[in-house]
>>> print(open('model12.cif').read())   # mmCIF, C-alpha atoms and all ligand atoms
data_my_file
#
loop_
_atom_site.label_atom_id
_atom_site.label_comp_id
_atom_site.auth_asym_id
_atom_site.auth_seq_id
_atom_site.Cartn_x
_atom_site.Cartn_y
_atom_site.Cartn_z
CA MET Q 48 -15.26 -32.23 -17.31
CA LYS Q 49 -14.79 -33.82 -13.92
CA PHE Q 50 -13.77 -30.86 -11.78
CA GLU Q 51 -15.46 -27.55 -12.42
CA LEU Q 52 -14.23 -24.03 -11.91
CA PRO Q 53 -16.29 -22.83 -8.94
CA LYS Q 54 -18.23 -19.62 -9.30
CA LEU Q 55 -16.88 -16.79 -7.19
CA PRO Q 56 -19.16 -16.19 -4.19
CA TYR Q 57 -19.04 -12.43 -4.99
CA GLU Q 58 -18.48 -10.12 -7.94
CA TYR Q 59 -15.01 -9.49 -9.38
CA ASN Q 60 -15.08 -5.92 -8.04
CA ALA Q 61 -16.38 -6.88 -4.58
CA LEU Q 62 -12.99 -6.82 -2.86
CA GLU Q 63 -12.09 -3.33 -4.13
CA PRO Q 64 -10.09 -1.34 -3.22
CA HIS Q 65 -8.00 -4.00 -1.50
CA ILE Q 66 -7.97 -6.43 -4.42
CA ASP Q 67 -8.91 -4.89 -7.75
CA ALA Q 68 -11.53 -6.22 -10.16
CA LYS Q 69 -9.14 -6.84 -13.06
CA THR Q 70 -6.83 -8.95 -10.89
CA MET Q 71 -9.79 -10.97 -9.60
CA GLU Q 72 -11.13 -11.52 -13.10
CA VAL Q 73 -7.82 -12.66 -14.59
CA HIS Q 74 -6.97 -14.69 -11.51
CA HIS Q 75 -10.27 -16.57 -11.51
CA SER Q 76 -11.22 -16.82 -15.20
CA LYS Q 77 -7.69 -17.38 -16.57
CA HIS Q 78 -5.35 -18.73 -13.90
CA HIS Q 79 -7.78 -20.81 -11.83
CA ASN Q 80 -9.55 -21.91 -14.99
CA GLY Q 81 -6.22 -22.99 -16.45
CA TYR Q 82 -5.34 -25.12 -13.42
CA THR Q 83 -8.80 -26.69 -13.56
CA ASP Q 84 -8.46 -27.63 -17.24
CA LYS Q 85 -4.95 -29.02 -16.83
CA PHE Q 86 -5.94 -30.99 -13.72
CA ASN Q 87 -8.83 -32.57 -15.62
CA ALA Q 88 -6.57 -33.31 -18.59
CA ALA Q 89 -3.98 -34.97 -16.33
CA ILE Q 90 -6.46 -37.41 -14.74
CA GLU Q 91 -8.51 -38.03 -17.87
CA GLY Q 92 -8.99 -41.74 -18.50
CA LYS Q 93 -7.78 -42.71 -15.02
CA SER Q 94 -10.86 -44.44 -13.66
CA GLN Q 95 -9.47 -44.65 -10.11
CA PHE Q 96 -10.26 -40.94 -9.80
CA ASP Q 97 -13.87 -41.25 -10.99
CA ASN Q 98 -15.41 -40.65 -7.55
CA ALA Q 99 -12.48 -38.97 -5.85
CA GLN Q 100 -12.54 -35.57 -4.19
CA ALA Q 101 -9.76 -33.31 -5.45
CA GLU Q 102 -8.64 -32.76 -1.85
CA ASP Q 103 -8.29 -36.51 -1.30
CA ILE Q 104 -6.19 -36.89 -4.44
CA LEU Q 105 -3.76 -34.31 -3.02
CA ARG Q 106 -3.77 -36.02 0.40
CA HIS Q 107 -2.50 -39.18 -1.25
CA LEU Q 108 -0.15 -38.02 -4.00
CA ASP Q 109 1.83 -41.25 -3.59
CA ASN Q 110 -1.15 -43.15 -4.99
CA VAL Q 111 -1.15 -41.03 -8.16
CA PRO Q 112 0.58 -42.75 -11.10
CA GLU Q 113 4.09 -41.41 -11.43
CA GLU Q 114 3.67 -40.23 -15.02
CA ILE Q 115 0.97 -37.75 -14.01
CA ARG Q 116 2.03 -37.04 -10.40
CA THR Q 117 3.79 -33.74 -11.11
CA ALA Q 118 0.89 -32.50 -13.25
CA VAL Q 119 -1.57 -33.45 -10.51
CA ARG Q 120 0.56 -31.88 -7.79
CA ASN Q 121 0.83 -28.58 -9.69
CA ASN Q 122 -2.58 -28.31 -11.33
CA GLY Q 123 -4.63 -30.23 -8.77
CA GLY Q 124 -2.92 -28.05 -6.17
CA GLY Q 125 -3.77 -24.93 -8.17
CA TYR Q 126 -7.36 -26.09 -8.50
CA VAL Q 127 -7.87 -26.82 -4.78
CA ASN Q 128 -5.82 -23.92 -3.39
CA HIS Q 129 -7.72 -21.27 -5.35
CA LYS Q 130 -11.07 -22.91 -4.58
CA MET Q 131 -10.30 -22.34 -0.91
CA PHE Q 132 -8.73 -18.90 -1.39
CA TRP Q 133 -11.93 -17.39 -2.85
CA THR Q 134 -13.96 -18.54 0.17
CA VAL Q 135 -11.64 -17.20 2.88
CA MET Q 136 -12.11 -13.70 1.46
CA ALA Q 137 -15.32 -11.70 1.23
CA PRO Q 138 -16.37 -8.07 0.86
CA GLY Q 139 -16.82 -6.00 4.00
CA LYS Q 140 -14.96 -8.46 6.20
CA GLY Q 141 -11.60 -8.27 7.93
CA GLY Q 142 -11.48 -7.55 11.63
CA GLU Q 143 -10.71 -10.38 14.00
CA PRO Q 144 -11.79 -13.96 14.53
CA SER Q 145 -14.22 -14.78 17.31
CA GLY Q 146 -15.26 -17.71 19.46
CA GLU Q 147 -13.24 -20.91 19.54
CA LEU Q 148 -10.93 -19.85 16.72
CA LYS Q 149 -10.03 -16.64 18.55
CA THR Q 150 -9.22 -18.62 21.69
CA ALA Q 151 -7.14 -21.12 19.72
CA ILE Q 152 -5.16 -18.39 17.94
CA GLU Q 153 -4.42 -16.66 21.24
CA LYS Q 154 -3.34 -19.95 22.79
CA SER Q 155 -1.06 -20.80 19.86
CA PHE Q 156 0.45 -17.41 19.04
CA GLY Q 157 0.03 -15.29 22.18
CA SER Q 158 -2.38 -12.79 20.65
CA PHE Q 159 -4.19 -12.06 17.41
CA GLN Q 160 -1.66 -9.29 16.69
CA GLU Q 161 1.26 -11.68 17.08
CA PHE Q 162 -0.47 -14.20 14.82
CA LYS Q 163 -1.11 -11.53 12.21
CA GLU Q 164 2.52 -10.40 12.21
CA LYS Q 165 3.84 -13.93 11.95
CA PHE Q 166 1.46 -14.87 9.13
CA SER Q 167 2.17 -11.61 7.27
CA ASN Q 168 5.88 -12.16 7.60
CA ALA Q 169 5.60 -15.68 6.20
CA ALA Q 170 3.61 -14.36 3.22
CA LYS Q 171 5.96 -11.45 2.58
CA THR Q 172 9.15 -13.52 2.76
CA GLN Q 173 8.08 -16.65 0.84
CA PHE Q 174 10.71 -16.67 -1.90
CA GLY Q 175 9.15 -16.74 -5.35
CA SER Q 176 5.71 -18.12 -6.10
CA GLY Q 177 3.74 -19.83 -3.39
CA TRP Q 178 1.29 -19.55 -0.56
CA ALA Q 179 1.18 -18.77 3.16
CA TRP Q 180 -1.17 -20.85 5.30
CA LEU Q 181 -2.74 -21.23 8.69
CA VAL Q 182 -3.09 -24.98 9.11
CA ILE Q 183 -4.07 -27.58 11.67
CA ASN Q 184 -1.22 -30.05 12.14
CA ASN Q 185 -1.80 -32.87 14.59
CA GLY Q 186 -4.40 -30.78 16.36
CA GLN Q 187 -2.22 -27.68 16.60
CA LEU Q 188 -2.50 -24.38 14.72
CA GLU Q 189 0.60 -23.62 12.67
CA ILE Q 190 1.72 -21.06 10.10
CA MET Q 191 3.53 -22.44 7.08
CA THR Q 192 4.36 -21.62 3.48
CA THR Q 193 4.46 -23.77 0.36
CA SER Q 194 6.14 -23.19 -2.98
CA ASN Q 195 4.37 -23.17 -6.32
CA GLN Q 196 0.95 -24.84 -5.94
CA ASP Q 197 1.90 -27.35 -3.26
CA SER Q 198 -0.91 -28.00 -0.82
CA PRO Q 199 -0.57 -28.54 2.95
CA LEU Q 200 -2.98 -31.46 2.40
CA SER Q 201 -0.08 -33.38 0.83
CA GLN Q 202 1.77 -33.02 4.17
CA ASN Q 203 -1.19 -34.28 6.20
CA LYS Q 204 -2.07 -30.77 7.34
CA THR Q 205 -5.48 -29.14 7.06
CA PRO Q 206 -5.48 -25.52 5.84
CA ILE Q 207 -8.04 -23.09 7.27
CA LEU Q 208 -6.67 -19.76 5.92
CA CYS Q 209 -4.45 -19.00 2.94
CA ILE Q 210 -3.04 -16.17 0.88
CA ASP Q 211 -1.79 -16.57 -2.67
CA VAL Q 212 1.53 -14.75 -3.05
CA TRP Q 213 2.15 -15.54 -6.72
CA GLU Q 214 2.73 -12.28 -8.58
CA HIS Q 215 -0.46 -12.91 -10.60
CA ALA Q 216 -2.38 -12.39 -7.35
CA TYR Q 217 -1.26 -8.77 -6.92
CA TYR Q 218 0.99 -7.49 -9.69
CA LEU Q 219 -1.58 -5.39 -11.61
CA LYS Q 220 -2.38 -3.23 -8.60
CA TYR Q 221 0.66 -3.54 -6.36
CA GLN Q 222 3.46 -4.30 -8.88
CA ASN Q 223 6.50 -5.43 -6.90
CA LYS Q 224 5.06 -4.33 -3.54
CA ARG Q 225 3.93 -7.69 -2.18
CA PRO Q 226 3.99 -6.38 1.43
CA ASP Q 227 1.28 -3.81 0.59
CA TYR Q 228 -0.92 -6.57 -0.89
CA VAL Q 229 -0.40 -8.74 2.20
CA ASP Q 230 -1.33 -5.82 4.48
CA ALA Q 231 -4.46 -5.13 2.40
CA PHE Q 232 -5.49 -8.81 2.51
CA TRP Q 233 -6.47 -8.48 6.20
CA ASN Q 234 -9.34 -6.18 5.16
CA VAL Q 235 -11.04 -8.97 3.25
CA VAL Q 236 -10.41 -12.05 5.42
CA ASN Q 237 -13.67 -13.91 5.98
CA TRP Q 238 -13.20 -15.03 9.59
CA GLU Q 239 -16.63 -16.72 9.68
CA GLU Q 240 -15.45 -19.09 6.95
CA VAL Q 241 -12.04 -19.63 8.59
CA GLY Q 242 -13.85 -20.35 11.86
CA ARG Q 243 -16.16 -22.81 10.12
CA ARG Q 244 -13.17 -24.66 8.67
CA PHE Q 245 -11.52 -24.66 12.09
CA LYS Q 246 -14.61 -26.10 13.75
CA GLU Q 247 -14.91 -28.78 11.08
CA THR Q 248 -11.39 -30.10 11.63
CA GLY Q 249 -9.63 -28.94 14.71
CA SER Q 250 -11.63 -27.22 17.41
CA GLN Q 251 -11.91 -30.35 19.57
CA ASN Q 252 -8.22 -30.08 20.35
CA TYR Q 253 -8.52 -26.71 22.07
MN MN3 Q 301 -3.15 -17.73 -7.95
#
>>> encode(input="model12.cif", output="structure tokens")
Amino acid sequence: MKFELPKLPYEYNALEPHIDAKTMEVHHSKHHNGYTDKFNAAIEGKSQFDNAQAEDILRHLDNVPEEIRTAVRNNGGGYVNHKMFWTVMAPGKGGEPSGELKTAIEKSFGSFQEFKEKFSNAAKTQFGSGWAWLVINNGQLEIMTTSNQDSPLSQNKTPILCIDVWEHAYYLKYQNKRPDYVDAFWNVVNWEEVGRRFKETGSQNY
């Protein structure tokens, strides 16, 4: 196997009560595992991907052979998106960003509260399955959504925060109430990790 399902950096029940253990277990061991297997199956035997990072494959979807491009877009996207999602959450987190990221969010959105409302709204109103993102686009912070498992990387944007709004991410606990799940998500956002990602890619622009 080329790409491996990453271990969660915490236990399945660690994000309770905001995200329940059963959802985390199914989401990681079934859904994320499924994307990982299908991604590996899609690129099997394609030696041009032997030393490639999954993120780089998504950055250059045009270079992926047409007959596997859709499979790579969907399952490679699912692989990479979830890998990031697990790291931007952690138990006992939430609160607000600090340092350079805080300054950048205030500069871009007016205040942390305004950012939070705008991001929540994007997540709550994304029609059907998809993701909401905070990305760096040409040095600027932006909120965006994608459908299915599409990655901002494929649009030359670098994600630093994301929320999965597929029903499988919340249905067991929240049923049809996606807004409640989005509101609960703020209690588990790992701002240290988001700040680290920001520093890595975009902080020089602020
Ligand atoms: Mn998911």
>>> residues_near_ligand(input="model12.cif", ligand="ligand MN3 301 (chain Q)", cutoff="8 Å", atoms="only C-alpha atoms and all ligand atoms", output="mmCIF file with C-alpha atoms, in the coordinates of the input")
data_model
loop_
_atom_site.group_PDB
_atom_site.id
_atom_site.type_symbol
_atom_site.label_atom_id
_atom_site.label_comp_id
_atom_site.auth_asym_id
_atom_site.auth_seq_id
_atom_site.Cartn_x
_atom_site.Cartn_y
_atom_site.Cartn_z
ATOM 1 C CA HIS Q 74 -6.970 -14.690 -11.510
ATOM 2 C CA HIS Q 78 -5.350 -18.730 -13.900
ATOM 3 C CA HIS Q 79 -7.780 -20.810 -11.830
ATOM 4 C CA GLY Q 125 -3.770 -24.930 -8.170
ATOM 5 C CA HIS Q 129 -7.720 -21.270 -5.350
ATOM 6 C CA ASP Q 211 -1.790 -16.570 -2.670
ATOM 7 C CA VAL Q 212 1.530 -14.750 -3.050
ATOM 8 C CA TRP Q 213 2.150 -15.540 -6.720
ATOM 9 C CA HIS Q 215 -0.460 -12.910 -10.600
ATOM 10 C CA ALA Q 216 -2.380 -12.390 -7.350
#
>>> closest_residue(input="model12.cif", among="Q:Ser158, Q:Asn168, Q:Gln222, Q:Thr193", to="Trp180 (chain Q)", atoms="only C-alpha atoms")
Q:Thr193
>>> residues_around(input="model12.cif", residues="Gln95 (chain Q)", least_positions_apart="6", cutoff="12 Å", atoms="all atoms listed in the file", output="VMD selection string")
chain Q and resid 104 110 to 112
>>> write_last_selection(input="model12.cif", atoms="C-alpha atoms", output="short mmCIF file (atom, residue, chain, number, x, y, z; two decimals), in the frame of the given file")
data_model
loop_
_atom_site.label_atom_id
_atom_site.label_comp_id
_atom_site.auth_asym_id
_atom_site.auth_seq_id
_atom_site.Cartn_x
_atom_site.Cartn_y
_atom_site.Cartn_z
CA ILE Q 104 -6.19 -36.89 -4.44
CA ASN Q 110 -1.15 -43.15 -4.99
CA VAL Q 111 -1.15 -41.03 -8.16
CA PRO Q 112 0.58 -42.75 -11.10
#
>>> closest_residue(input="model12.cif", among="Q:Lys224, Q:Lys163, Q:Lys49, Q:Lys171", to="Glu91 (chain Q)", atoms="only C-alpha atoms")
Q:Lys49
>>> closest_residue(input="model12.cif", among="Q:Lys85, Q:Lys246, Q:Lys69, Q:Arg106", to="Asp197 (chain Q)", atoms="all atoms listed in the file")
Q:Arg106
>>> atom_distance(input="model12.cif", atom1="CA of Asn128 (chain Q)", atom2="CA of Thr150 (chain Q)")
25.9 Å
>>> atom_distance(input="model12.cif", atom1="CA of Tyr217 (chain Q)", atom2="CA of Ala68 (chain Q)")
11.1 Å
>>> atom_distance(input="model12.cif", atom1="CA of Glu153 (chain Q)", atom2="CA of Phe132 (chain Q)")
23.1 Å
>>> closest_residue(input="model12.cif", among="Q:Leu188, Q:Ala61, Q:Val236, Q:Ile183", to="Lys154 (chain Q)", atoms="all atoms listed in the file")
Q:Leu188
>>> closest_residue(input="model12.cif", among="Q:Leu208, Q:Met131, Q:Ala89, Q:Ala137", to="Tyr59 (chain Q)", atoms="all atoms listed in the file")
Q:Ala137
>>> closest_residue(input="model12.cif", among="Q:Ile115, Q:Val182, Q:Val127, Q:Val229", to="Pro53 (chain Q)", atoms="only C-alpha atoms")
Q:Val127
>>> residues_around(input="model12.cif", residues="Tyr57 (chain Q)", least_positions_apart="5", cutoff="9 Å", atoms="only C-alpha atoms", output="PyMOL selection string")
chain Q and resi 62+133+137-138
>>> write_last_selection(input="model12.cif", atoms="C-alpha atoms", output="compact mmCIF listing (two decimals), in the coordinates of the input")
# COMPACT_ATOMS: atom_id res chain seq x y z
CA LEU Q 62 -12.99 -6.82 -2.86
CA TRP Q 133 -11.93 -17.39 -2.85
CA ALA Q 137 -15.32 -11.70 1.23
CA PRO Q 138 -16.37 -8.07 0.86
>>> residues_around(input="model12.cif", residues="Thr192 (chain Q)", least_positions_apart="2", cutoff="9 Å", atoms="only C-alpha atoms", output="list in words")
Ala169, Ala170, Gln173, Gly177, Trp178, Ala179, Trp180, Leu181, Ile190, Ser194 and Pro199 of chain Q
